[in-house]
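Q: Sharing a structure here in structure tokens format.
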Amino acid sequence: MSSELSVKHLLGIKYLQKEDIELIFKTADHFKEVINRPIKKVPSLRDITIANLFFENSTRTRLSFELAEKRLSADVINFSAASSSVKKGETLIDTVNNILSMKVDMVVMRHPNPGAGIFLSKHVNASIVNAGDGAHEHPTQALLDSYSIRERLGEVAGKKVVIVGDILHSRVALSNIFALKLQGAEVKVCGPKTLIPKHIESLGVGVETNLKAALEWCDVANMLRVQNERMDISYFPSTREYVKQFGLNLPLLESLKKEIVIMHPGPINRGVEITSDVADSDHAIILDQVQNGVAVRMAVIYLLAAKIKQ
Ligand code: CP
């Protein structure tokens with residue numbers, strides 16, 4: 001296995017090789033052990049400064065990156081667009097160049113525009129980590145999702161994973177498809193036809209519009225939120241109708257003839273895509289996903305920082 005990543009930035013899973021994912025997971029295994037020690041910190045990145053730039057709301061990703069950076073002893077600055085001079089008309093490039101002039105080595109950025117991280121990587125001299133760009137990619141979410149499947153089921157290769165819900169507006173779905181396929185999993189998507197992108201089969205995934213059939217098929221179901229904030233028209237008749245056809249509840253789960261693993265990237269709309277009795281049950285690994293996010297993000301930052309130091 002290579003000891004370094006093939007990329008200088010983490011812009012999307014699309015740009016990674018299978019060996020990159022293996023290296024990230026092996027490194028995350030080490031950091032997971034570190035963060036379970038009484039002293040949860042290592043001095044690895046004492047000479048690195050990281051800016052977390054969030055132009056869109058976040059709870060898990062923002063806190064998880066910040067904690068990962070602090071566990072690695074990096075210097076950290078946080079920027080939230082809502083309370084910044086972006087509100088006075090400052091451009092993305094001007095904002096980032098001003099921040100970089102304070103000697104920042106790495107930028108972790110969430111932005112509503114697809115491709116914002118790619119654009120930035122061509123215009124600034126820092127390592128860029130995409131923390132979610134519109135409906136495009138959310139690479140660290142997909143990495144922590146696969147890491148959590150590997151932890152629960154031993155490996156990702158050969159596993160059958162269904163991604164359920166609003167596939168059309170989901171960066172989590174696209175990054176998961178790329179990551180799972182790269183590792184040799186079988187993938188299906190399931191949801192209303194209006195929320196499944198046309199030609200998605202060209203990515204090597206199957207399409208299923210019957211939730212029960214999809215659940216009977218899979219080893220893992222990743223339940224996604226309906227992203228109302230990205231919708232300008234109605235994609236299904238009503239939330240009640242959606243819940244009836246695509247909501248996961250305990251009677252449906254217990255009607256299956258086998259045990260399956262339930263995942264959700266958060267935030268959850270309880271009672272819509274998943275009921276509380278499923279989300280809070282032993283079938284679900286939702287909080288394991290969040291916990292693994294810190295170790296996986298430590299691994300990503302550590303490995304990218306090693307490329308800066310070269
Ligand atoms: N999963 C995820 O990206 O959650 P946040 O939007 O809270 O960061």
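As shown in the structure tokens, the chain order sets the letters A, B, ...; within each chain, residues go from 1, and ligands are also counted from 1 in the order they appear.
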For ligand 1, collect every residue having any atom at a distance of at most 9 Å from a ligand atom (counting only C-alpha atoms and all ligand atoms); output as number ranges by chain.
A: A: 56-64, 110, 131-132, 138, 140-141, 172, 264-267, 290
Q: Can you check which parts of segment 255-308 of chain A lie within 10 Å of segment 23-34 of chain A? Per residue, the shortest pair of atoms and distance in Å to one decimal, counting only C-alpha atoms, sorted by chain and number, as JSON lines.
A:
```
{"residue": "A:Gln291", "atom": "CA", "partner": "A:Lys32", "partner_atom": "CA", "distance": 9.0}
{"residue": "A:Asn292", "atom": "CA", "partner": "A:Lys32", "partner_atom": "CA", "distance": 7.4}
{"residue": "A:Gly293", "atom": "CA", "partner": "A:Ala28", "partner_atom": "CA", "distance": 9.3}
{"residue": "A:Val294", "atom": "CA", "partner": "A:Lys32", "partner_atom": "CA", "distance": 8.1}
{"residue": "A:Ala295", "atom": "CA", "partner": "A:Ala28", "partner_atom": "CA", "distance": 5.0}
{"residue": "A:Val296", "atom": "CA", "partner": "A:Ala28", "partner_atom": "CA", "distance": 5.0}
{"residue": "A:Arg297", "atom": "CA", "partner": "A:Ala28", "partner_atom": "CA", "distance": 7.9}
{"residue": "A:Met298", "atom": "CA", "partner": "A:Phe31", "partner_atom": "CA", "distance": 6.9}
{"residue": "A:Ala299", "atom": "CA", "partner": "A:Ala28", "partner_atom": "CA", "distance": 5.1}
{"residue": "A:Val300", "atom": "CA", "partner": "A:Ile24", "partner_atom": "CA", "distance": 6.3}
{"residue": "A:Ile301", "atom": "CA", "partner": "A:Ile24", "partner_atom": "CA", "distance": 9.7}
{"residue": "A:Tyr302", "atom": "CA", "partner": "A:Thr27", "partner_atom": "CA", "distance": 8.6}
{"residue": "A:Leu303", "atom": "CA", "partner": "A:Ile24", "partner_atom": "CA", "distance": 7.7}
```
Q: Take the residues just selected and output them with N, CA, C and O atoms as a short mmCIF file (atom, residue, chain, number, x, y, z; two decimals), in the first residue's frame.
A:
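Now in result_19.cif:
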```cif
data_model
loop_
_atom_site.label_atom_id
_atom_site.label_comp_id
_atom_site.auth_asym_id
_atom_site.auth_seq_id
_atom_site.Cartn_x
_atom_site.Cartn_y
_atom_site.Cartn_z
N GLN A 291 -19.19 9.51 15.07
CA GLN A 291 -17.94 9.29 15.83
C GLN A 291 -16.78 8.98 14.87
O GLN A 291 -15.69 9.53 15.01
N ASN A 292 -17.04 8.13 13.88
CA ASN A 292 -15.99 7.78 12.92
C ASN A 292 -15.57 8.97 12.07
O ASN A 292 -14.44 9.01 11.55
N GLY A 293 -16.47 9.95 11.92
CA GLY A 293 -16.16 11.14 11.12
C GLY A 293 -14.92 11.86 11.63
O GLY A 293 -14.13 12.38 10.83
N VAL A 294 -14.71 11.88 12.93
CA VAL A 294 -13.55 12.59 13.48
C VAL A 294 -12.25 11.87 13.07
O VAL A 294 -11.31 12.49 12.56
N ALA A 295 -12.22 10.54 13.25
CA ALA A 295 -11.01 9.78 12.91
C ALA A 295 -10.73 9.84 11.40
O ALA A 295 -9.57 9.99 10.97
N VAL A 296 -11.79 9.74 10.60
CA VAL A 296 -11.60 9.76 9.14
C VAL A 296 -11.10 11.15 8.70
O VAL A 296 -10.20 11.26 7.87
N ARG A 297 -11.66 12.20 9.30
CA ARG A 297 -11.22 13.56 8.91
C ARG A 297 -9.80 13.83 9.41
O ARG A 297 -9.01 14.51 8.74
N MET A 298 -9.44 13.28 10.57
CA MET A 298 -8.05 13.39 11.03
C MET A 298 -7.13 12.76 9.98
O MET A 298 -6.08 13.32 9.63
N ALA A 299 -7.53 11.60 9.48
CA ALA A 299 -6.70 10.89 8.49
C ALA A 299 -6.55 11.71 7.21
O ALA A 299 -5.44 11.86 6.68
N VAL A 300 -7.66 12.27 6.73
CA VAL A 300 -7.62 13.06 5.49
C VAL A 300 -6.70 14.27 5.67
O VAL A 300 -5.82 14.54 4.83
N ILE A 301 -6.86 14.99 6.77
CA ILE A 301 -6.07 16.21 7.00
C ILE A 301 -4.59 15.86 7.17
O ILE A 301 -3.70 16.51 6.60
N TYR A 302 -4.33 14.81 7.94
CA TYR A 302 -2.94 14.38 8.19
C TYR A 302 -2.24 14.02 6.88
O TYR A 302 -1.11 14.44 6.63
N LEU A 303 -2.95 13.26 6.03
CA LEU A 303 -2.34 12.79 4.76
C LEU A 303 -2.17 13.96 3.77
O LEU A 303 -1.17 14.01 3.04
#
```
Q: Can you work out which one of A:Asn36, A:Asn249, A:Ser80, A:Ser148 has the shortest atom-to-atom distance to Asn52 of chain A, counting only C-alpha atoms?
A: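 Of all the options, A:Ser80 lies closest to Asn52 of chain A.
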Q: Using only C-alpha atoms, determine which residues lie at most 12 Å from Thr95 of chain A, disregarding the query and same-chain residues fewer than 3 positions distant; provide the list as a PyMOL selection string.
A: chain A and resi 51+53-55+79-81+84-92+98-102+107+120+124
Q: Write down as a list in words the residues belonging to segment 63-187 of chain A that are assigned strand (DSSP E) by DSSP computed on the backbone.
A: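 So, restricting segment 63-187 of chain A to strand (DSSP E), we get Asp75, Val76, Ile77, Asn78, Phe79, Ser80, Met106, Val107, Val108, Met109, Arg110, His111, Ser127, Ile128, Val129, Asn130, Ala131, Gly132, Asp133, Lys160, Val161, Val162, Ile163, Val164, Glu186 and Val187 of chain A.
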Q: For the residues in the current selection, export N, CA and C atoms as an mmCIF file, in the first residue's frame.
A:
```cif
data_model
loop_
_atom_site.group_PDB
_atom_site.id
_atom_site.type_symbol
_atom_site.label_atom_id
_atom_site.label_comp_id
_atom_site.auth_asym_id
_atom_site.auth_seq_id
_atom_site.Cartn_x
_atom_site.Cartn_y
_atom_site.Cartn_z
ATOM 1 N N ASP A 75 -3.254 24.710 14.179
ATOM 2 C CA ASP A 75 -3.900 25.977 14.532
ATOM 3 C C ASP A 75 -5.140 26.104 13.647
ATOM 4 N N VAL A 76 -6.250 26.550 14.239
ATOM 5 C CA VAL A 76 -7.530 26.518 13.528
ATOM 6 C C VAL A 76 -8.189 27.885 13.569
ATOM 7 N N ILE A 77 -8.667 28.349 12.387
ATOM 8 C CA ILE A 77 -9.533 29.542 12.384
ATOM 9 C C ILE A 77 -10.844 29.170 11.691
ATOM 10 N N ASN A 78 -11.924 29.750 12.184
ATOM 11 C CA ASN A 78 -13.258 29.415 11.667
ATOM 12 C C ASN A 78 -13.907 30.643 11.064
ATOM 13 N N PHE A 79 -14.571 30.419 9.943
ATOM 14 C CA PHE A 79 -15.241 31.504 9.228
ATOM 15 C C PHE A 79 -16.647 31.042 8.868
ATOM 16 N N SER A 80 -17.624 31.865 9.194
ATOM 17 C CA SER A 80 -18.996 31.561 8.815
ATOM 18 C C SER A 80 -19.511 32.709 7.955
ATOM 19 N N MET A 106 -4.178 25.176 4.782
ATOM 20 C CA MET A 106 -5.232 24.286 4.289
ATOM 21 C C MET A 106 -6.592 24.959 4.493
ATOM 22 N N VAL A 107 -7.476 24.770 3.523
ATOM 23 C CA VAL A 107 -8.826 25.345 3.616
ATOM 24 C C VAL A 107 -9.838 24.203 3.547
ATOM 25 N N VAL A 108 -10.703 24.130 4.542
ATOM 26 C CA VAL A 108 -11.835 23.200 4.523
ATOM 27 C C VAL A 108 -13.055 24.053 4.189
ATOM 28 N N MET A 109 -13.730 23.750 3.085
ATOM 29 C CA MET A 109 -14.803 24.656 2.656
ATOM 30 C C MET A 109 -16.110 23.931 2.338
ATOM 31 N N ARG A 110 -17.190 24.451 2.906
ATOM 32 C CA ARG A 110 -18.543 24.073 2.477
ATOM 33 C C ARG A 110 -19.137 25.269 1.739
ATOM 34 N N HIS A 111 -19.722 24.997 0.561
ATOM 35 C CA HIS A 111 -20.252 26.087 -0.262
ATOM 36 C C HIS A 111 -21.496 25.602 -1.000
ATOM 37 N N SER A 127 -3.992 23.766 0.270
ATOM 38 C CA SER A 127 -4.657 22.481 0.062
ATOM 39 C C SER A 127 -6.151 22.667 0.378
ATOM 40 N N ILE A 128 -7.023 22.213 -0.524
ATOM 41 C CA ILE A 128 -8.468 22.429 -0.356
ATOM 42 C C ILE A 128 -9.162 21.109 -0.018
ATOM 43 N N VAL A 129 -10.011 21.148 1.005
ATOM 44 C CA VAL A 129 -10.840 19.991 1.352
ATOM 45 C C VAL A 129 -12.300 20.394 1.154
ATOM 46 N N ASN A 130 -12.985 19.658 0.305
ATOM 47 C CA ASN A 130 -14.402 19.934 0.040
ATOM 48 C C ASN A 130 -15.248 19.347 1.175
ATOM 49 N N ALA A 131 -15.934 20.233 1.901
ATOM 50 C CA ALA A 131 -16.804 19.781 3.001
ATOM 51 C C ALA A 131 -18.267 19.794 2.559
ATOM 52 N N GLY A 132 -18.478 19.696 1.235
ATOM 53 C CA GLY A 132 -19.831 19.708 0.668
ATOM 54 C C GLY A 132 -19.994 20.894 -0.253
ATOM 55 N N ASP A 133 -20.184 20.629 -1.575
ATOM 56 C CA ASP A 133 -20.395 21.730 -2.539
ATOM 57 C C ASP A 133 -21.726 21.522 -3.266
ATOM 58 N N LYS A 160 -24.090 -5.159 -0.449
ATOM 59 C CA LYS A 160 -25.165 -4.545 -1.237
ATOM 60 C C LYS A 160 -25.704 -3.347 -0.448
ATOM 61 N N VAL A 161 -25.590 -2.169 -1.047
ATOM 62 C CA VAL A 161 -25.979 -0.935 -0.351
ATOM 63 C C VAL A 161 -27.070 -0.223 -1.152
ATOM 64 N N VAL A 162 -28.179 0.102 -0.472
ATOM 65 C CA VAL A 162 -29.207 0.915 -1.134
ATOM 66 C C VAL A 162 -29.207 2.307 -0.506
ATOM 67 N N ILE A 163 -29.244 3.312 -1.374
ATOM 68 C CA ILE A 163 -29.322 4.706 -0.924
ATOM 69 C C ILE A 163 -30.747 5.161 -1.227
ATOM 70 N N VAL A 164 -31.469 5.559 -0.165
ATOM 71 C CA VAL A 164 -32.912 5.802 -0.285
ATOM 72 C C VAL A 164 -33.234 7.283 -0.100
ATOM 73 N N GLU A 186 -21.983 -3.386 -4.347
ATOM 74 C CA GLU A 186 -23.092 -3.242 -5.303
ATOM 75 C C GLU A 186 -23.999 -2.138 -4.768
ATOM 76 N N VAL A 187 -24.469 -1.260 -5.650
ATOM 77 C CA VAL A 187 -25.248 -0.106 -5.196
ATOM 78 C C VAL A 187 -26.559 0.005 -5.970
#
```
Q: Would you work out the distance separating atom CA of Ile260 of chain A from atom CA of Val220 of chain A, expressed in Å to one decimal?
A: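 Taking atom CA of Ile260 of chain A as the start and atom CA of Val220 of chain A as the end point, the length is 5.5 Å.
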Q: Mind checking which residues fall within 10 Å of segment 15-17 of chain A, counting only C-alpha atoms, ignoring those fewer than 5 positions away in the same chain, and posting them as an mmCIF file with N, CA, C and O atoms, in the first residue's frame?
A:
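What landed in out.cif:
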```
data_model
loop_
_atom_site.group_PDB
_atom_site.id
_atom_site.type_symbol
_atom_site.label_atom_id
_atom_site.label_comp_id
_atom_site.auth_asym_id
_atom_site.auth_seq_id
_atom_site.Cartn_x
_atom_site.Cartn_y
_atom_site.Cartn_z
ATOM 1 N N LEU A 5 -1.147 9.987 -0.422
ATOM 2 C CA LEU A 5 -2.314 10.127 -1.296
ATOM 3 C C LEU A 5 -1.868 10.474 -2.715
ATOM 4 O O LEU A 5 -0.811 11.088 -2.913
ATOM 5 N N SER A 6 -2.722 10.145 -3.697
ATOM 6 C CA SER A 6 -2.414 10.480 -5.093
ATOM 7 C C SER A 6 -2.842 11.912 -5.421
ATOM 8 O O SER A 6 -2.612 12.377 -6.531
ATOM 9 N N VAL A 7 -3.499 12.603 -4.459
ATOM 10 C CA VAL A 7 -4.040 13.945 -4.721
ATOM 11 C C VAL A 7 -3.487 14.955 -3.704
ATOM 12 O O VAL A 7 -3.102 14.585 -2.592
ATOM 13 N N HIS A 9 -5.422 17.784 -3.059
ATOM 14 C CA HIS A 9 -6.660 18.325 -2.487
ATOM 15 C C HIS A 9 -7.654 17.169 -2.365
ATOM 16 O O HIS A 9 -7.558 16.197 -3.112
ATOM 17 N N LEU A 10 -8.649 17.313 -1.477
ATOM 18 C CA LEU A 10 -9.769 16.360 -1.492
ATOM 19 C C LEU A 10 -10.997 17.117 -2.014
ATOM 20 O O LEU A 10 -11.726 17.752 -1.250
ATOM 21 N N GLU A 22 -8.017 3.100 0.856
ATOM 22 C CA GLU A 22 -7.403 2.112 1.773
ATOM 23 C C GLU A 22 -6.435 2.797 2.728
ATOM 24 O O GLU A 22 -6.406 2.504 3.929
ATOM 25 N N PRO A 139 -17.199 14.459 -0.006
ATOM 26 C CA PRO A 139 -16.308 13.291 0.042
ATOM 27 C C PRO A 139 -16.047 12.734 1.437
ATOM 28 O O PRO A 139 -15.993 11.506 1.599
ATOM 29 N N PHE A 178 -19.716 6.869 -5.804
ATOM 30 C CA PHE A 178 -18.317 6.772 -6.269
ATOM 31 C C PHE A 178 -17.485 5.924 -5.301
ATOM 32 O O PHE A 178 -16.728 5.044 -5.716
ATOM 33 N N ALA A 179 -17.636 6.179 -3.998
ATOM 34 C CA ALA A 179 -16.801 5.483 -3.001
ATOM 35 C C ALA A 179 -17.134 3.994 -2.944
ATOM 36 O O ALA A 179 -16.242 3.141 -2.920
ATOM 37 N N LEU A 182 -16.005 2.124 -6.109
ATOM 38 C CA LEU A 182 -14.536 2.010 -6.140
ATOM 39 C C LEU A 182 -14.056 0.850 -5.259
ATOM 40 O O LEU A 182 -13.077 0.185 -5.560
ATOM 41 N N GLN A 183 -14.796 0.600 -4.180
ATOM 42 C CA GLN A 183 -14.396 -0.464 -3.244
ATOM 43 C C GLN A 183 -15.037 -1.809 -3.564
ATOM 44 O O GLN A 183 -14.866 -2.782 -2.819
#
```
Q: If you run DSSP on the backbone, which residues of segment 194-255 of chain A are helix (DSSP H, G or I), as a list in words?
A: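 Selecting the helix (DSSP H, G or I) positions of segment 194-255 of chain A gives Thr194, Leu195, Ile200, Glu201, Ser202, Leu203, Leu211, Lys212, Ala213, Ala214, Leu215, Glu216, Trp217, Asn228, Glu229, Arg230, Thr239, Arg240, Glu241, Tyr242, Val243, Lys244, Gln245, Phe246, Leu250, Pro251, Leu252, Leu253 and Glu254 of chain A.
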Q: Any idea what the distance is between atom CA of Leu174 of chain A and atom CA of Asp145 of chain A?
A: 12.5 Å
Q: So that I can check the surroundings of segment 228-240 of chain A, please list as a list in words every protein, DNA and RNA residue that reaches within 9 Å of it, counting only C-alpha atoms and ignoring chain neighbours fewer than 5 positions away.
A: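 Skipping anything fewer than 5 positions along the chain leaves Gly134, Ala135, His169, Pro192, Lys193, Thr194, Leu195, Gln245 and Val272 of chain A.
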